[in-house]
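Next comes upload-v3.cif, a file with mmCIF, C-alpha atoms.
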data_input
loop_
_atom_site.label_atom_id
_atom_site.label_comp_id
_atom_site.auth_asym_id
_atom_site.auth_seq_id
_atom_site.Cartn_x
_atom_site.Cartn_y
_atom_site.Cartn_z
CA MET A 3 3.88 30.84 52.83
CA HIS A 4 1.64 29.34 50.17
CA ASP A 5 -1.75 28.87 51.80
CA TRP A 6 -3.40 29.03 48.38
CA LEU A 7 -1.40 25.96 47.27
CA ASP A 8 -2.28 24.10 50.46
CA ALA A 9 -5.96 24.86 49.84
CA VAL A 10 -5.89 22.59 46.79
CA LYS A 11 -6.91 19.00 47.53
CA TRP A 12 -4.14 17.12 45.72
CA ASP A 13 -4.99 13.47 45.15
CA ALA A 14 -3.05 10.46 46.49
CA LYS A 15 -0.45 10.99 43.76
CA GLY A 16 -0.18 14.72 44.48
CA VAL A 17 -1.97 15.93 41.35
CA VAL A 18 -5.29 17.41 40.23
CA PRO A 19 -6.83 17.69 36.76
CA ALA A 20 -6.34 21.07 35.05
CA ILE A 21 -8.53 22.25 32.20
CA ALA A 22 -7.30 24.89 29.75
CA GLN A 23 -9.91 27.04 28.01
CA ASP A 24 -9.19 29.51 25.22
CA ALA A 25 -9.85 33.08 26.41
CA ARG A 26 -10.87 34.30 22.95
CA THR A 27 -12.88 31.44 21.43
CA GLY A 28 -14.08 29.83 24.66
CA ILE A 29 -13.25 26.35 23.40
CA VAL A 30 -11.94 23.78 25.86
CA LEU A 31 -8.41 23.05 24.66
CA THR A 32 -6.86 20.43 26.90
CA LEU A 33 -7.13 18.44 30.08
CA ALA A 34 -3.77 17.92 31.75
CA TRP A 35 -2.52 17.43 35.32
CA MET A 36 -0.82 19.68 37.82
CA ASN A 37 1.13 19.08 40.99
CA ASP A 38 1.86 21.90 43.43
CA GLU A 39 5.09 22.86 41.69
CA ALA A 40 3.33 23.10 38.31
CA LEU A 41 0.64 25.34 39.77
CA LYS A 42 3.17 27.50 41.59
CA ARG A 43 5.22 28.01 38.42
CA THR A 44 2.09 28.71 36.39
CA ALA A 45 1.06 31.44 38.81
CA ALA A 46 4.57 32.90 39.04
CA SER A 47 5.37 32.91 35.31
CA GLY A 48 1.96 33.43 33.70
CA LEU A 49 2.69 30.44 31.46
CA ALA A 50 0.91 27.10 31.90
CA HIS A 51 3.01 24.35 33.49
CA TYR A 52 1.78 20.81 33.98
CA TRP A 53 2.89 17.52 35.47
CA SER A 54 3.32 14.75 32.92
CA ARG A 55 2.13 11.56 34.57
CA SER A 56 3.58 9.33 31.83
CA ARG A 57 7.02 10.96 31.90
CA ALA A 58 6.88 11.82 35.65
CA LYS A 59 8.20 15.24 34.77
CA LEU A 60 7.29 18.89 35.14
CA TRP A 61 6.47 20.33 31.76
CA LYS A 62 6.07 23.87 30.45
CA LYS A 63 3.38 23.76 27.76
CA GLY A 64 4.98 24.87 24.48
CA GLU A 65 8.58 24.19 25.49
CA GLN A 66 8.97 21.98 22.39
CA SER A 67 6.25 23.27 20.09
CA GLY A 68 6.39 26.98 20.88
CA HIS A 69 2.65 26.76 21.57
CA PHE A 70 2.77 28.41 24.99
CA GLN A 71 -0.37 29.11 26.98
CA HIS A 72 -0.48 32.62 28.44
CA VAL A 73 -2.62 32.43 31.54
CA ARG A 74 -5.31 35.06 32.07
CA GLU A 75 -7.19 33.42 34.94
CA ILE A 76 -6.57 30.57 37.35
CA ARG A 77 -9.75 29.13 38.88
CA LEU A 78 -10.47 26.40 41.40
CA ASP A 79 -13.70 24.44 41.72
CA CYS A 80 -16.04 24.09 44.70
CA ASP A 81 -14.35 20.90 45.94
CA ASN A 82 -10.87 22.43 45.59
CA ASP A 83 -9.78 19.47 43.48
CA ALA A 84 -9.88 20.72 39.89
CA ILE A 85 -8.22 23.71 38.21
CA LEU A 86 -9.41 25.81 35.27
CA LEU A 87 -6.95 27.96 33.33
CA VAL A 88 -8.27 30.61 30.97
CA VAL A 89 -5.46 31.08 28.45
CA GLU A 90 -4.36 32.75 25.27
CA GLN A 91 -3.11 29.86 23.17
CA GLU A 92 -0.02 30.84 21.20
CA GLY A 93 -0.22 29.65 17.59
CA GLY A 94 -3.88 28.70 18.02
CA ILE A 95 -2.83 25.05 18.38
CA ALA A 96 -3.04 23.22 21.72
CA CYS A 97 -2.93 19.58 20.56
CA HIS A 98 0.18 17.59 19.63
CA THR A 99 -1.74 16.36 16.56
CA GLY A 100 -1.67 19.91 15.16
CA ARG A 101 -5.31 20.62 15.95
CA ALA A 102 -6.68 23.63 17.82
CA ARG A 103 -7.74 21.45 20.73
CA CYS A 104 -7.31 17.95 22.07
CA PHE A 105 -11.07 17.27 22.19
CA TYR A 106 -11.42 16.69 18.45
CA GLN A 107 -13.22 13.33 18.57
CA ARG A 108 -17.02 13.47 18.67
CA LEU A 109 -19.40 10.59 19.33
CA GLU A 110 -21.76 10.12 16.39
CA GLY A 111 -23.76 7.01 15.54
CA GLY A 112 -21.92 4.90 18.09
CA LYS A 113 -18.43 5.83 16.86
CA TRP A 114 -15.80 8.44 17.62
CA HIS A 115 -15.14 10.70 14.64
CA ALA A 116 -12.22 13.14 14.28
CA VAL A 117 -14.24 16.24 13.40
CA ASP A 118 -11.69 19.06 13.79
CA PRO A 119 -9.11 19.84 11.11
CA VAL A 120 -5.33 19.46 11.45
CA LEU A 121 -4.06 23.05 11.22
CA GLU A 122 -0.37 22.20 11.01
CA ASP A 123 1.56 19.00 10.33
CA PRO A 124 3.03 17.80 13.66
CA ARG A 125 6.33 17.13 11.84
CA ASN A 126 6.58 20.87 11.25
CA ILE A 127 5.74 21.61 14.86
CA TYR A 128 8.12 19.15 16.49
CA GLY A 129 10.84 18.80 13.84
CA HIS A 130 12.00 15.60 12.20
CA GLY A 131 11.94 13.39 15.26
CA GLY A 132 10.38 10.58 13.18
CA MET B 30 -20.98 -4.34 20.97
CA HIS B 31 -19.62 -1.12 22.43
CA ASP B 32 -16.31 -0.52 20.70
CA TRP B 33 -16.63 3.20 21.39
CA LEU B 34 -16.72 2.51 25.15
CA ASP B 35 -13.70 0.21 24.89
CA ALA B 36 -11.82 2.96 23.04
CA VAL B 37 -11.81 5.06 26.22
CA LYS B 38 -8.71 4.57 28.34
CA TRP B 39 -10.29 4.15 31.78
CA ASP B 40 -7.80 4.59 34.61
CA ALA B 41 -6.85 1.98 37.21
CA LYS B 42 -10.11 2.74 39.05
CA GLY B 43 -12.18 2.49 35.86
CA VAL B 44 -12.92 6.21 35.53
CA VAL B 45 -11.91 9.25 33.46
CA PRO B 46 -12.42 12.98 34.13
CA ALA B 47 -15.41 14.51 32.37
CA ILE B 48 -15.74 18.25 31.77
CA ALA B 49 -19.15 19.85 31.21
CA GLN B 50 -19.27 23.06 29.18
CA ASP B 51 -22.38 25.22 28.72
CA ALA B 52 -23.49 25.13 25.08
CA ARG B 53 -24.91 28.65 25.19
CA THR B 54 -22.46 30.67 27.29
CA GLY B 55 -19.35 28.54 26.70
CA ILE B 56 -18.42 28.60 30.38
CA VAL B 57 -16.85 25.52 31.91
CA LEU B 58 -19.39 24.33 34.45
CA THR B 59 -18.02 21.26 36.21
CA LEU B 60 -15.38 18.60 36.31
CA ALA B 61 -16.75 15.23 37.37
CA TRP B 62 -15.87 11.58 36.74
CA MET B 63 -17.35 8.89 34.54
CA ASN B 64 -17.07 5.14 34.42
CA ASP B 65 -18.21 3.14 31.40
CA GLU B 66 -21.75 2.79 32.73
CA ALA B 67 -22.05 6.57 33.28
CA LEU B 68 -20.85 7.27 29.75
CA LYS B 69 -23.15 4.61 28.27
CA ARG B 70 -26.19 6.03 30.08
CA THR B 71 -25.23 9.58 29.13
CA ALA B 72 -25.10 8.61 25.46
CA ALA B 73 -28.31 6.58 25.64
CA SER B 74 -30.41 9.09 27.57
CA GLY B 75 -28.99 12.45 26.47
CA LEU B 76 -28.68 13.42 30.14
CA ALA B 77 -25.30 13.64 31.89
CA HIS B 78 -24.53 10.77 34.26
CA TYR B 79 -21.40 10.62 36.39
CA TRP B 80 -19.66 8.32 38.83
CA SER B 81 -19.39 9.73 42.33
CA ARG B 82 -16.00 8.66 43.67
CA SER B 83 -16.84 9.71 47.24
CA ARG B 84 -20.18 7.88 47.31
CA ALA B 85 -19.05 5.07 44.93
CA LYS B 86 -22.34 5.47 43.11
CA LEU B 87 -23.68 6.21 39.66
CA TRP B 88 -25.33 9.59 39.66
CA LYS B 89 -27.65 11.36 37.22
CA LYS B 90 -26.79 15.06 37.37
CA GLY B 91 -29.90 16.91 38.55
CA GLU B 92 -31.63 13.92 40.14
CA GLN B 93 -31.89 15.86 43.42
CA SER B 94 -31.68 19.47 42.28
CA GLY B 95 -33.60 19.27 39.02
CA HIS B 96 -30.58 20.86 37.36
CA PHE B 97 -30.21 18.28 34.61
CA GLN B 98 -27.59 18.61 31.89
CA HIS B 99 -28.97 17.97 28.40
CA VAL B 100 -26.09 16.71 26.32
CA ARG B 101 -25.52 18.22 22.89
CA GLU B 102 -22.06 16.80 22.17
CA ILE B 103 -19.85 14.11 23.66
CA ARG B 104 -16.16 14.55 22.86
CA LEU B 105 -13.02 12.56 23.63
CA ASP B 106 -9.48 13.92 23.73
CA CYS B 107 -6.40 12.85 21.76
CA ASP B 108 -5.23 10.43 24.46
CA ASN B 109 -8.71 8.90 24.82
CA ASP B 110 -8.62 9.55 28.56
CA ALA B 111 -10.76 12.66 29.08
CA ILE B 112 -14.35 13.44 28.11
CA LEU B 113 -15.94 16.79 27.23
CA LEU B 114 -19.71 17.19 27.34
CA VAL B 115 -21.30 20.21 25.72
CA VAL B 116 -24.57 20.66 27.59
CA GLU B 117 -27.62 22.79 28.08
CA GLN B 118 -27.69 23.37 31.81
CA GLU B 119 -31.23 23.26 33.17
CA GLY B 120 -31.89 26.13 35.60
CA GLY B 121 -28.57 27.76 34.68
CA ILE B 122 -27.04 26.37 37.87
CA ALA B 123 -24.44 23.58 37.79
CA CYS B 124 -22.89 23.96 41.26
CA HIS B 125 -24.30 22.61 44.52
CA THR B 126 -23.50 26.02 46.07
CA GLY B 127 -26.18 27.59 43.86
CA ARG B 128 -23.71 29.19 41.44
CA ALA B 129 -23.75 28.88 37.66
CA ARG B 130 -20.54 26.87 37.71
CA CYS B 131 -18.25 25.07 40.12
CA PHE B 132 -15.15 27.05 39.06
CA TYR B 133 -16.12 30.16 40.99
CA GLN B 134 -12.86 30.68 42.90
CA ARG B 135 -10.23 32.82 41.18
CA LEU B 136 -6.61 33.30 42.23
CA GLU B 137 -5.89 36.97 42.91
CA GLY B 138 -3.02 38.36 44.95
CA GLY B 139 -2.05 34.96 46.31
CA LYS B 140 -5.54 34.08 47.52
CA TRP B 141 -8.59 32.29 46.18
CA HIS B 142 -11.59 34.60 45.92
CA ALA B 143 -15.20 33.51 45.33
CA VAL B 144 -15.96 35.81 42.38
CA ASP B 145 -19.23 34.39 41.01
CA PRO B 146 -22.60 35.14 42.61
CA VAL B 147 -24.87 32.62 44.31
CA LEU B 148 -27.94 32.55 42.07
CA GLU B 149 -30.13 30.46 44.35
CA ASP B 150 -29.90 29.45 48.00
CA PRO B 151 -28.88 25.75 48.13
CA ARG B 152 -31.55 25.21 50.80
CA ASN B 153 -34.14 26.04 48.17
CA ILE B 154 -32.49 23.73 45.65
CA TYR B 155 -32.07 20.71 47.90
CA GLY B 156 -34.86 21.24 50.42
CA HIS B 157 -34.52 21.41 54.17
CA GLY B 158 -31.97 18.67 54.64
CA GLY B 159 -30.03 20.86 57.05
#

Hey, can you dump this file as structure tokens for me?
Amino acid sequence: MHDWLDAVKWDAKGVVPAIAQDARTGIVLTLAWMNDEALKRTAASGLAHYWSRSRAKLWKKGEQSGHFQHVREIRLDCDNDAILLVVEQEGGIACHTGRARCFYQRLEGGKWHAVDPVLEDPRNIYGHGG
Amino acid sequence: MHDWLDAVKWDAKGVVPAIAQDARTGIVLTLAWMNDEALKRTAASGLAHYWSRSRAKLWKKGEQSGHFQHVREIRLDCDNDAILLVVEQEGGIACHTGRARCFYQRLEGGKWHAVDPVLEDPRNIYGHGG
């Protein structure tokens, strides 16, 4: 039924890394993980779904923040063990810190520096959860 | 000595996923894996080094093909467990199949389609190894 899902070489834990890239700006937003159910739902709905390894839970990106990722392309690499999503990032914010992307730390002079601005206070994104 | 290496949250096998993005075109080229030694050598040399999980071996990208990746930026994500390299891709070919990038398969109509052209015959890249 789903040969295209079986073509993916899921690892021993049943997941593969999934990169999200912004369709408009080209910036690499996030690296998350997918299992077969996450990939199936992503393809069916057009909205990025991932597998949270820490919470052991399927997760629709934006379900809490409203920052959904509308999927324009789903790509697979030459080894069939990594996914690339090309997405339109709702709200222009992919990171839970309120930044455009998760890759905001840059190595300079032997240290990691947070070089990208916080666009919105996470307390405003996620409510008053403390 | 290397606090910035210790800041990375290496997984149980001592590796993290590392994305390479083309500095000029913005396309996502590859997803590979790094251990601390690969990241240290990448930072020291300015050339991308990875850890091959299948060969259990440190690997300088381009050592066989000549398609070195000259590193312009090294970034770390918000969870400290994924790396992004922004690179100038020598030869304009990152994939061992002779394509610009490894993510050349796109999901269309329930099937994966190879949508990017082969720019150079792999036999010319890697010699006559058969």

Could you tell me, as number ranges by chain, exactly which residues end up selected when the PyMOL selection byres ((chain B) within 9 of (chain A)) is applied to this structure?
B: 31-33, 36, 46, 48, 50, 54-57, 59-60, 72, 102-109, 111-113, 124-126, 130-137, 139-141

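What separates CA of Pro119 (chain A) from CA of Ala102 (chain A) is a distance of 8.1 Å.
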
Could you tell me how far CA of Lys62 (chain A) lies from CA of Ala50 (chain A), in Å and to one decimal?
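For CA of Lys62 (chain A) relative to CA of Ala50 (chain A), the distance reads 6.3 Å.
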
Mind listing whatever residues come within 8 Å of the point (-22.6, 4.8, 38.8)? Use only C-alpha atoms, file coordinates, and give them as a ChimeraX atom specification.
/B:63-64,66-67,78-81,85-88

Explicit residues for the PyMOL selection byres ((chain B and resi 118) around 8) (as an mmCIF file with C-alpha atoms, keeping the file's coordinate frame):
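out01.cif written:
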data_model
loop_
_atom_site.group_PDB
_atom_site.id
_atom_site.type_symbol
_atom_site.label_atom_id
_atom_site.label_comp_id
_atom_site.auth_asym_id
_atom_site.auth_seq_id
_atom_site.Cartn_x
_atom_site.Cartn_y
_atom_site.Cartn_z
ATOM 1 C CA ASP B 51 -22.380 25.220 28.720
ATOM 2 C CA HIS B 96 -30.580 20.860 37.360
ATOM 3 C CA PHE B 97 -30.210 18.280 34.610
ATOM 4 C CA GLN B 98 -27.590 18.610 31.890
ATOM 5 C CA HIS B 99 -28.970 17.970 28.400
ATOM 6 C CA VAL B 116 -24.570 20.660 27.590
ATOM 7 C CA GLU B 117 -27.620 22.790 28.080
ATOM 8 C CA GLU B 119 -31.230 23.260 33.170
ATOM 9 C CA GLY B 120 -31.890 26.130 35.600
ATOM 10 C CA GLY B 121 -28.570 27.760 34.680
ATOM 11 C CA ILE B 122 -27.040 26.370 37.870
ATOM 12 C CA ALA B 123 -24.440 23.580 37.790
#

So how many Å separate CA of Gly100 (chain A) and CA of Gly16 (chain A), to one decimal?
29.8 Å

Evaluating the PyMOL selection byres ((chain A and resi 67) around 9) on the displayed file yields which residues, as a PyMOL selection string?
chain A and resi 63-66+68-70+98+127-129

Could you check which of B:Ala52, B:Val44, B:Asp65, B:Arg82 is closest to Val100 (chain B), using all atoms listed in the file?
B:Ala52
